[in-house]
>>> print(open('structure_23.csv').read())   # CSV, N, CA and C atoms and all ligand atoms
chain,number,residue,atom,x,y,z
A,1,MET,N,101.6,-70.5,51.8
A,1,MET,CA,101.3,-69.4,50.8
A,1,MET,C,102.6,-68.7,50.4
A,2,LYS,N,102.7,-68.5,49.1
A,2,LYS,CA,103.9,-67.9,48.5
A,2,LYS,C,103.9,-66.4,48.9
A,3,ALA,N,105.0,-65.9,49.4
A,3,ALA,CA,105.1,-64.5,49.7
A,3,ALA,C,105.5,-63.7,48.5
A,4,VAL,N,104.8,-62.7,48.1
A,4,VAL,CA,105.1,-61.9,47.0
A,4,VAL,C,105.6,-60.6,47.5
A,5,GLU,N,106.8,-60.2,47.1
A,5,GLU,CA,107.5,-59.0,47.5
A,5,GLU,C,107.0,-57.8,46.7
A,6,ILE,N,106.7,-56.7,47.4
A,6,ILE,CA,106.3,-55.5,46.7
A,6,ILE,C,107.2,-54.4,47.3
A,7,ILE,N,107.2,-53.3,46.6
A,7,ILE,CA,107.8,-52.0,47.1
A,7,ILE,C,106.6,-51.1,47.2
A,8,CYS,N,106.1,-50.9,48.4
A,8,CYS,CA,104.8,-50.2,48.6
A,8,CYS,C,104.9,-48.8,48.1
A,9,THR,N,103.9,-48.3,47.3
A,9,THR,CA,103.9,-47.0,46.8
A,9,THR,C,103.3,-46.0,47.9
A,10,ASN,N,102.7,-46.6,48.9
A,10,ASN,CA,102.1,-45.8,50.0
A,10,ASN,C,103.1,-45.5,51.1
A,11,CYS,N,103.7,-46.6,51.7
A,11,CYS,CA,104.7,-46.4,52.8
A,11,CYS,C,106.1,-46.5,52.3
A,12,ASP,N,106.3,-46.7,51.0
A,12,ASP,CA,107.7,-46.7,50.4
A,12,ASP,C,108.6,-47.7,51.1
A,13,THR,N,108.1,-48.8,51.5
A,13,THR,CA,109.0,-49.9,52.1
A,13,THR,C,108.8,-51.2,51.4
A,14,GLU,N,109.8,-52.0,51.5
A,14,GLU,CA,109.7,-53.4,50.9
A,14,GLU,C,108.8,-54.1,51.9
A,15,ALA,N,107.8,-54.7,51.3
A,15,ALA,CA,106.8,-55.4,52.1
A,15,ALA,C,106.3,-56.6,51.3
A,16,PHE,N,105.3,-57.3,51.8
A,16,PHE,CA,104.7,-58.4,51.1
A,16,PHE,C,103.2,-58.1,50.7
A,17,LEU,N,102.8,-58.6,49.6
A,17,LEU,CA,101.5,-58.5,49.2
A,17,LEU,C,100.6,-59.4,49.9
A,18,LYS,N,99.5,-58.9,50.5
A,18,LYS,CA,98.5,-59.7,51.2
A,18,LYS,C,97.3,-59.9,50.3
A,19,ARG,N,96.8,-61.1,50.1
A,19,ARG,CA,95.6,-61.3,49.4
A,19,ARG,C,94.5,-61.8,50.3
A,20,GLU,N,93.4,-61.1,50.3
A,20,GLU,CA,92.3,-61.5,51.1
A,20,GLU,C,91.1,-61.8,50.2
A,21,PRO,N,90.6,-63.0,50.2
A,21,PRO,CA,89.5,-63.3,49.3
A,21,PRO,C,88.2,-62.5,49.8
A,22,VAL,N,87.5,-62.0,48.8
A,22,VAL,CA,86.2,-61.3,49.1
A,22,VAL,C,85.1,-62.2,48.6
A,23,TYR,N,84.1,-62.4,49.4
A,23,TYR,CA,83.0,-63.2,49.0
A,23,TYR,C,81.7,-62.4,48.9
A,24,GLU,N,80.9,-62.8,47.9
A,24,GLU,CA,79.5,-62.2,47.8
A,24,GLU,C,78.6,-63.5,47.9
A,25,GLY,N,78.1,-63.6,49.1
A,25,GLY,CA,77.3,-64.8,49.4
A,25,GLY,C,78.4,-65.9,49.5
A,26,LEU,N,78.2,-67.0,48.7
A,26,LEU,CA,79.1,-68.1,48.7
A,26,LEU,C,80.1,-68.0,47.6
A,27,THR,N,80.0,-67.0,46.7
A,27,THR,CA,80.8,-66.9,45.6
A,27,THR,C,82.0,-66.0,45.8
A,28,LYS,N,83.2,-66.5,45.4
A,28,LYS,CA,84.3,-65.6,45.6
A,28,LYS,C,84.3,-64.5,44.5
A,29,ALA,N,84.2,-63.3,45.0
A,29,ALA,CA,84.0,-62.2,44.1
A,29,ALA,C,85.3,-61.5,43.7
A,30,GLY,N,86.3,-61.7,44.4
A,30,GLY,CA,87.6,-61.1,44.1
A,30,GLY,C,88.5,-61.2,45.2
A,31,GLU,N,89.5,-60.3,45.2
A,31,GLU,CA,90.5,-60.3,46.2
A,31,GLU,C,90.8,-58.9,46.6
A,32,ILE,N,91.1,-58.7,47.9
A,32,ILE,CA,91.7,-57.4,48.4
A,32,ILE,C,93.2,-57.6,48.4
A,33,LEU,N,93.9,-56.7,47.7
A,33,LEU,CA,95.3,-56.7,47.6
A,33,LEU,C,95.8,-55.6,48.5
A,34,SER,N,96.6,-56.0,49.5
A,34,SER,CA,97.1,-54.9,50.4
A,34,SER,C,98.5,-55.1,50.8
A,35,CYS,N,99.1,-54.0,51.4
A,35,CYS,CA,100.5,-54.0,51.8
A,35,CYS,C,100.6,-54.6,53.2
A,36,SER,N,101.5,-55.5,53.4
A,36,SER,CA,101.7,-56.1,54.7
A,36,SER,C,102.2,-55.1,55.8
A,37,ALA,N,102.9,-54.1,55.3
A,37,ALA,CA,103.5,-53.1,56.2
A,37,ALA,C,102.6,-52.1,56.7
A,38,CYS,N,101.8,-51.4,55.8
A,38,CYS,CA,101.0,-50.3,56.2
A,38,CYS,C,99.5,-50.6,56.0
A,39,GLY,N,99.2,-51.7,55.3
A,39,GLY,CA,97.8,-52.0,55.2
A,39,GLY,C,97.1,-51.3,54.0
A,40,PHE,N,97.8,-50.6,53.2
A,40,PHE,CA,97.3,-49.9,52.1
A,40,PHE,C,96.7,-50.8,51.1
A,41,VAL,N,95.5,-50.6,50.6
A,41,VAL,CA,94.8,-51.5,49.7
A,41,VAL,C,95.0,-51.0,48.3
A,42,PHE,N,95.5,-51.9,47.4
A,42,PHE,CA,95.7,-51.6,46.0
A,42,PHE,C,94.4,-51.9,45.2
A,43,ALA,N,94.1,-51.0,44.3
A,43,ALA,CA,92.8,-51.0,43.6
A,43,ALA,C,92.7,-52.3,42.8
A,44,SER,N,93.8,-52.7,42.1
A,44,SER,CA,93.7,-53.8,41.3
A,44,SER,C,95.1,-54.4,41.1
A,45,GLU,N,95.2,-55.6,40.5
A,45,GLU,CA,96.5,-56.3,40.3
A,45,GLU,C,97.5,-55.4,39.6
A,46,GLU,N,96.9,-54.5,38.6
A,46,GLU,CA,97.8,-53.6,37.9
A,46,GLU,C,98.4,-52.6,38.8
A,47,ASP,N,97.8,-52.3,39.9
A,47,ASP,CA,98.3,-51.2,40.7
A,47,ASP,C,99.3,-51.7,41.8
A,48,VAL,N,99.5,-53.0,41.8
A,48,VAL,CA,100.4,-53.5,42.8
A,48,VAL,C,101.8,-53.3,42.4
A,49,PRO,N,102.7,-52.6,43.2
A,49,PRO,CA,104.0,-52.4,42.8
A,49,PRO,C,104.9,-53.5,43.1
A,50,PHE,N,104.8,-54.6,42.3
A,50,PHE,CA,105.6,-55.8,42.5
A,50,PHE,C,107.1,-55.4,42.5
A,51,LYS,N,107.8,-56.1,43.3
A,51,LYS,CA,109.2,-55.8,43.4
A,51,LYS,C,109.9,-56.2,42.1
A,52,GLU,N,109.6,-57.3,41.6
A,52,GLU,CA,110.2,-57.8,40.3
A,52,GLU,C,110.0,-56.8,39.2
A,53,LYS,N,108.8,-56.2,39.2
A,53,LYS,CA,108.5,-55.2,38.1
A,53,LYS,C,109.3,-53.9,38.3
A,54,THR,N,109.4,-53.5,39.5
A,54,THR,CA,110.1,-52.2,39.8
A,54,THR,C,111.6,-52.2,39.9
A,55,ALA,N,112.1,-53.4,40.3
A,55,ALA,CA,113.5,-53.5,40.5
A,55,ALA,C,114.3,-53.4,39.2
A,56,ALA,N,115.5,-52.8,39.3
A,56,ALA,CA,116.4,-52.7,38.2
A,56,ALA,C,116.8,-54.0,37.6
A,57,PRO,N,117.2,-54.1,36.3
A,57,PRO,CA,117.7,-55.4,35.8
A,57,PRO,C,118.8,-55.9,36.7
A,58,GLN,N,118.8,-57.2,36.8
A,58,GLN,CA,119.8,-57.9,37.7
A,58,GLN,C,121.2,-57.9,37.1
A,59,VAL,N,122.0,-57.0,37.5
A,59,VAL,CA,123.4,-57.0,36.9
A,59,VAL,C,124.3,-57.7,37.9
A,60,PHE,N,124.1,-57.6,39.2
A,60,PHE,CA,124.9,-58.2,40.1
A,60,PHE,C,124.5,-59.7,40.5
A,61,THR,N,125.4,-60.4,40.9
A,61,THR,CA,125.1,-61.8,41.4
A,61,THR,C,124.5,-61.7,42.8
A,62,GLU,N,123.9,-62.7,43.3
A,62,GLU,CA,123.3,-62.7,44.6
A,62,GLU,C,124.4,-62.4,45.7
A,63,ALA,N,125.6,-62.9,45.5
A,63,ALA,CA,126.7,-62.6,46.5
A,63,ALA,C,127.0,-61.1,46.6
A,64,ASP,N,127.1,-60.5,45.4
A,64,ASP,CA,127.3,-59.0,45.4
A,64,ASP,C,126.2,-58.3,46.1
A,65,ARG,N,125.0,-58.7,45.9
A,65,ARG,CA,123.8,-58.1,46.4
A,65,ARG,C,123.8,-58.1,48.0
A,66,SER,N,124.1,-59.3,48.6
A,66,SER,CA,124.0,-59.4,50.0
A,66,SER,C,125.1,-58.6,50.7
A,67,GLU,N,126.2,-58.4,50.0
A,67,GLU,CA,127.3,-57.5,50.6
A,67,GLU,C,126.8,-56.1,50.6
A,68,LYS,N,126.1,-55.6,49.6
A,68,LYS,CA,125.6,-54.3,49.6
A,68,LYS,C,124.6,-54.0,50.7
A,69,VAL,N,123.8,-55.0,51.0
A,69,VAL,CA,122.8,-54.9,52.1
A,69,VAL,C,123.5,-54.7,53.4
A,70,GLU,N,124.6,-55.4,53.6
A,70,GLU,CA,125.4,-55.3,54.9
A,70,GLU,C,125.9,-53.9,55.1
A,71,VAL,N,126.3,-53.3,54.0
A,71,VAL,CA,127.0,-52.0,54.0
A,71,VAL,C,125.9,-50.9,54.3
A,72,PHE,N,124.7,-51.1,53.9
A,72,PHE,CA,123.7,-50.1,54.0
A,72,PHE,C,123.4,-49.8,55.5
A,73,ASP,N,123.4,-48.6,55.9
A,73,ASP,CA,123.2,-48.2,57.3
A,73,ASP,C,121.7,-47.8,57.5
A,74,GLU,N,121.0,-48.6,58.3
A,74,GLU,CA,119.6,-48.3,58.5
A,74,GLU,C,119.4,-47.3,59.6
A,75,GLY,N,120.3,-47.2,60.5
A,75,GLY,CA,120.3,-46.1,61.6
A,75,GLY,C,118.9,-45.8,62.1
A,76,GLU,N,118.4,-44.6,61.9
A,76,GLU,CA,117.2,-44.1,62.4
A,76,GLU,C,116.0,-44.9,62.0
A,77,ASN,N,116.0,-45.5,60.8
A,77,ASN,CA,114.9,-46.4,60.4
A,77,ASN,C,114.6,-47.4,61.4
A,78,LYS,N,115.5,-47.9,62.1
A,78,LYS,CA,115.3,-49.0,63.0
A,78,LYS,C,114.4,-48.6,64.2
A,79,ARG,N,114.1,-47.3,64.4
A,79,ARG,CA,113.3,-46.9,65.4
A,79,ARG,C,111.8,-46.7,65.0
A,80,LEU,N,111.5,-47.0,63.7
A,80,LEU,CA,110.2,-46.9,63.2
A,80,LEU,C,109.3,-48.0,63.9
A,81,CYS,N,108.0,-47.6,64.0
A,81,CYS,CA,107.0,-48.5,64.6
A,81,CYS,C,107.1,-49.9,64.0
A,82,ARG,N,107.3,-49.9,62.7
A,82,ARG,CA,107.2,-51.3,62.0
A,82,ARG,C,108.3,-52.2,62.5
A,83,TYR,N,109.4,-51.6,63.1
A,83,TYR,CA,110.5,-52.5,63.6
A,83,TYR,C,110.3,-52.7,65.1
A,84,CYS,N,109.2,-52.2,65.7
A,84,CYS,CA,109.1,-52.2,67.2
A,84,CYS,C,108.3,-53.5,67.6
A,85,ALA,N,108.7,-54.0,68.8
A,85,ALA,CA,108.1,-55.2,69.3
A,85,ALA,C,106.7,-55.0,69.7
A,86,HIS,N,106.3,-53.7,69.9
A,86,HIS,CA,104.9,-53.4,70.3
A,86,HIS,C,104.0,-53.3,69.1
A,87,TYR,N,104.6,-53.3,67.9
A,87,TYR,CA,103.8,-53.0,66.7
A,87,TYR,C,103.0,-54.3,66.3
A,88,VAL,N,101.7,-54.1,66.1
A,88,VAL,CA,100.9,-55.2,65.7
A,88,VAL,C,100.2,-54.8,64.4
A,89,VAL,N,100.2,-55.6,63.4
A,89,VAL,CA,99.5,-55.2,62.1
A,89,VAL,C,98.6,-56.3,61.7
A,90,ASN,N,97.4,-55.9,61.2
A,90,ASN,CA,96.5,-56.8,60.6
A,90,ASN,C,95.9,-56.1,59.3
A,91,PRO,N,95.1,-56.8,58.6
A,91,PRO,CA,94.7,-56.2,57.3
A,91,PRO,C,94.0,-54.8,57.4
A,92,PHE,N,93.5,-54.5,58.5
A,92,PHE,CA,92.7,-53.3,58.6
A,92,PHE,C,93.3,-52.2,59.4
A,93,MET,N,94.2,-52.5,60.3
A,93,MET,CA,94.9,-51.4,61.0
A,93,MET,C,96.2,-51.8,61.6
A,94,GLN,N,97.0,-50.8,62.0
A,94,GLN,CA,98.3,-51.1,62.7
A,94,GLN,C,98.1,-50.5,64.1
A,95,PHE,N,98.7,-51.3,65.0
A,95,PHE,CA,98.3,-51.0,66.4
A,95,PHE,C,99.6,-51.1,67.3
A,96,CYS,N,99.7,-50.1,68.2
A,96,CYS,CA,100.8,-50.2,69.2
A,96,CYS,C,100.3,-50.8,70.4
A,97,SER,N,100.8,-52.0,70.8
A,97,SER,CA,100.4,-52.7,72.0
A,97,SER,C,100.8,-52.1,73.3
A,98,HIS,N,101.8,-51.1,73.1
A,98,HIS,CA,102.3,-50.4,74.3
A,98,HIS,C,101.4,-49.2,74.6
A,99,HIS,N,101.1,-48.4,73.6
A,99,HIS,CA,100.2,-47.2,73.8
A,99,HIS,C,98.7,-47.5,73.6
A,100,LYS,N,98.4,-48.7,73.2
A,100,LYS,CA,97.0,-49.1,72.9
A,100,LYS,C,96.3,-48.1,72.0
A,101,LYS,N,97.0,-47.8,70.9
A,101,LYS,CA,96.4,-46.9,69.9
A,101,LYS,C,96.9,-47.3,68.5
A,102,GLU,N,96.1,-46.7,67.5
A,102,GLU,CA,96.5,-47.0,66.1
A,102,GLU,C,97.7,-46.2,65.8
A,103,VAL,N,98.6,-46.8,65.0
A,103,VAL,CA,99.9,-46.1,64.6
A,103,VAL,C,100.1,-46.4,63.1
A,104,GLN,N,101.1,-45.7,62.6
A,104,GLN,CA,101.6,-45.9,61.2
A,104,GLN,C,102.9,-46.6,61.3
A,105,ALA,N,103.2,-47.3,60.2
A,105,ALA,CA,104.5,-48.1,60.2
A,105,ALA,C,105.7,-47.1,60.3
A,106,THR,N,105.5,-45.9,59.9
A,106,THR,CA,106.6,-45.0,59.8
A,106,THR,C,106.6,-44.0,61.1
A,107,ASP,N,105.7,-44.3,62.0
A,107,ASP,CA,105.8,-43.5,63.3
A,107,ASP,C,107.0,-43.9,64.1
A,108,THR,N,107.4,-43.0,65.0
A,108,THR,CA,108.5,-43.3,65.9
A,108,THR,C,108.0,-42.9,67.3
A,109,CYS,N,108.7,-43.5,68.4
A,109,CYS,CA,108.3,-43.1,69.7
A,109,CYS,C,109.5,-43.4,70.7
A,110,ALA,N,109.4,-42.8,71.8
A,110,ALA,CA,110.5,-43.0,72.8
A,110,ALA,C,110.5,-44.3,73.5
A,111,GLN,N,109.3,-45.1,73.4
A,111,GLN,CA,109.3,-46.4,74.0
A,111,GLN,C,109.6,-47.5,73.0
A,112,PHE,N,110.3,-47.1,71.9
A,112,PHE,CA,110.7,-48.1,70.9
A,112,PHE,C,111.4,-49.3,71.6
A,113,LEU,N,111.0,-50.5,71.2
A,113,LEU,CA,111.6,-51.7,71.7
A,113,LEU,C,111.9,-52.6,70.4
A,114,ALA,N,113.2,-52.8,70.1
A,114,ALA,CA,113.5,-53.5,68.9
A,114,ALA,C,113.0,-54.9,69.0
A,115,LYS,N,112.3,-55.4,67.9
A,115,LYS,CA,111.8,-56.7,67.9
A,115,LYS,C,112.8,-57.6,67.2
A,116,GLU,N,112.6,-58.9,67.3
A,116,GLU,CA,113.5,-59.9,66.7
A,116,GLU,C,113.3,-59.8,65.2
A,117,GLU,N,114.4,-59.9,64.5
A,117,GLU,CA,114.4,-59.8,63.0
A,117,GLU,C,113.4,-60.8,62.4
A,118,SER,N,113.3,-62.0,63.0
A,118,SER,CA,112.5,-63.1,62.4
A,118,SER,C,111.0,-62.7,62.4
A,119,LEU,N,110.6,-61.7,63.2
A,119,LEU,CA,109.2,-61.3,63.2
A,119,LEU,C,108.8,-60.5,62.0
A,120,ASP,N,109.7,-60.2,61.2
A,120,ASP,CA,109.4,-59.4,60.0
A,120,ASP,C,108.9,-60.3,58.9
A,121,ALA,N,108.8,-61.6,59.2
A,121,ALA,CA,108.3,-62.6,58.1
A,121,ALA,C,106.9,-62.3,57.8
A,122,PRO,N,106.4,-62.7,56.6
A,122,PRO,CA,105.1,-62.4,56.2
A,122,PRO,C,104.0,-63.1,57.0
A,123,ASN,N,104.2,-64.2,57.6
A,123,ASN,CA,103.2,-65.0,58.2
A,123,ASN,C,103.1,-64.8,59.8
A,124,ARG,N,103.4,-63.6,60.2
A,124,ARG,CA,103.3,-63.3,61.7
A,124,ARG,C,101.9,-63.0,62.2
A,125,PHE,N,101.0,-63.0,61.3
A,125,PHE,CA,99.6,-62.5,61.7
A,125,PHE,C,98.9,-63.6,62.5
B,201,ZN,ZN,102.8,-50.0,52.6
>>> encode(input="structure_23.csv", output="structure tokens")
Amino acid sequence: MKAVEIICTNCDTEAFLKREPVYEGLTKAGEILSCSACGFVFASEEDVPFKEKTAAPQVFTEADRSEKVEVFDEGENKRLCRYCAHYVVNPFMQFCSHHKKEVQATDTCAQFLAKEESLDAPNRF
């Protein structure tokens, strides 16, 4: 499945668009479009904040761009639930496997445990 990048209008993070088919009986009635980070459901295709649409015109080359990313200091952001190894997300809720409770991607806590970068891929569900 092709990953579509969005900049979520609800949690304000770069995430992936999740498409869940909706069936009425045996007929596909439509799709639920939601944010992979916070689970926010977009009302329609027009409401999805696609990254391509919102991003500024590409002035820099790819090389310039990756250098800028290295310079960016994420600091405190790295302690957010969405970067935590205990954080579990599915289309309907976000869950902390340490506290056994529902959390938000932007929550923080003292038991933060950094997860591997590779787990941020779209197909970890
Ligand atoms: Zn979101």
>>> atom_distance(input="structure_23.csv", atom1="CA of Leu80 in chain A", atom2="atom N of Cys96 in chain A")
12.1 Å
>>> closest_residue(input="structure_23.csv", among="A:Cys81, A:Cys35, A:Val48, A:Cys8", to="His99 in chain A", atoms="only C-alpha atoms")
A:Cys81
>>> residues_around(input="structure_23.csv", residues="Asn90 in chain A", least_positions_apart="6", cutoff="8 Å", atoms="only N, CA and C atoms", output="PDB file with N, CA and C atoms, keeping the file's coordinate frame")
ATOM      1  N   CYS A  35      99.100 -54.000  51.400  1.00  0.00           N
ATOM      2  CA  CYS A  35     100.500 -54.000  51.800  1.00  0.00           C
ATOM      3  C   CYS A  35     100.600 -54.600  53.200  1.00  0.00           C
ATOM      4  N   SER A  36     101.500 -55.500  53.400  1.00  0.00           N
ATOM      5  CA  SER A  36     101.700 -56.100  54.700  1.00  0.00           C
ATOM      6  C   SER A  36     102.200 -55.100  55.800  1.00  0.00           C
ATOM      7  N   ALA A  37     102.900 -54.100  55.300  1.00  0.00           N
ATOM      8  CA  ALA A  37     103.500 -53.100  56.200  1.00  0.00           C
ATOM      9  C   ALA A  37     102.600 -52.100  56.700  1.00  0.00           C
ATOM     10  N   CYS A  38     101.800 -51.400  55.800  1.00  0.00           N
ATOM     11  CA  CYS A  38     101.000 -50.300  56.200  1.00  0.00           C
ATOM     12  C   CYS A  38      99.500 -50.600  56.000  1.00  0.00           C
ATOM     13  N   GLY A  39      99.200 -51.700  55.300  1.00  0.00           N
ATOM     14  CA  GLY A  39      97.800 -52.000  55.200  1.00  0.00           C
ATOM     15  C   GLY A  39      97.100 -51.300  54.000  1.00  0.00           C
ATOM     16  N   PHE A 125     101.000 -63.000  61.300  1.00  0.00           N
ATOM     17  CA  PHE A 125      99.600 -62.500  61.700  1.00  0.00           C
ATOM     18  C   PHE A 125      98.900 -63.600  62.500  1.00  0.00           C
TER      19      PHE A 125
END
>>> closest_residue(input="structure_23.csv", among="A:Ile7, A:Cys84, A:Cys109, A:Val103", to="ligand ZN 201 (chain B)", atoms="only N, CA and C atoms and all ligand atoms")
A:Ile7
>>> closest_residue(input="structure_23.csv", among="A:Ala114, A:Cys11, A:Ala3, A:Leu26", to="ligand ZN 201 (chain B)", atoms="only N, CA and C atoms and all ligand atoms")
A:Cys11
>>> residues_around(input="structure_23.csv", residues="range 40-43 of chain A", least_positions_apart="6", cutoff="8 Å", atoms="all atoms listed in the file", output="list in words")
Asn10, Cys11, Glu31, Ile32, Leu33, Ser34, Pro49, Pro91 and Phe92 of chain A
>>> closest_residue(input="structure_23.csv", among="A:Phe16, A:Phe112, A:Phe95, A:Tyr83", to="ligand ZN 201 (chain B)", atoms="all atoms listed in the file")
A:Phe16
>>> closest_residue(input="structure_23.csv", among="A:Thr108, A:Ala85, A:Glu24, A:Phe50", to="Thr9 in chain A", atoms="only C-alpha atoms")
A:Phe50
>>> atom_distance(input="structure_23.csv", atom1="atom N of Arg19 in chain A", atom2="CA of Gln94 in chain A")
16.2 Å
>>> atom_distance(input="structure_23.csv", atom1="atom N of Tyr23 in chain A", atom2="atom N of Glu45 in chain A")
15.8 Å
>>> select_by_dssp(input="structure_23.csv", residues="range 14-60 of chain A", states="helix (DSSP H, G or I)", output="PyMOL selection string")
chain A and resi 45-47+51-54
>>> closest_residue(input="structure_23.csv", among="A:Leu113, A:Val4, A:Val89, A:Ala15", to="ligand ZN 201 (chain B)", atoms="only N, CA and C atoms and all ligand atoms")
A:Ala15
>>> select_by_dssp(input="structure_23.csv", residues="range 78-112 of chain A", states="strand (DSSP E)", output="list of chain:residue names")
A:Tyr87, A:Val88, A:Val89, A:Gln94, A:Phe95, A:Cys96, A:Lys101, A:Glu102
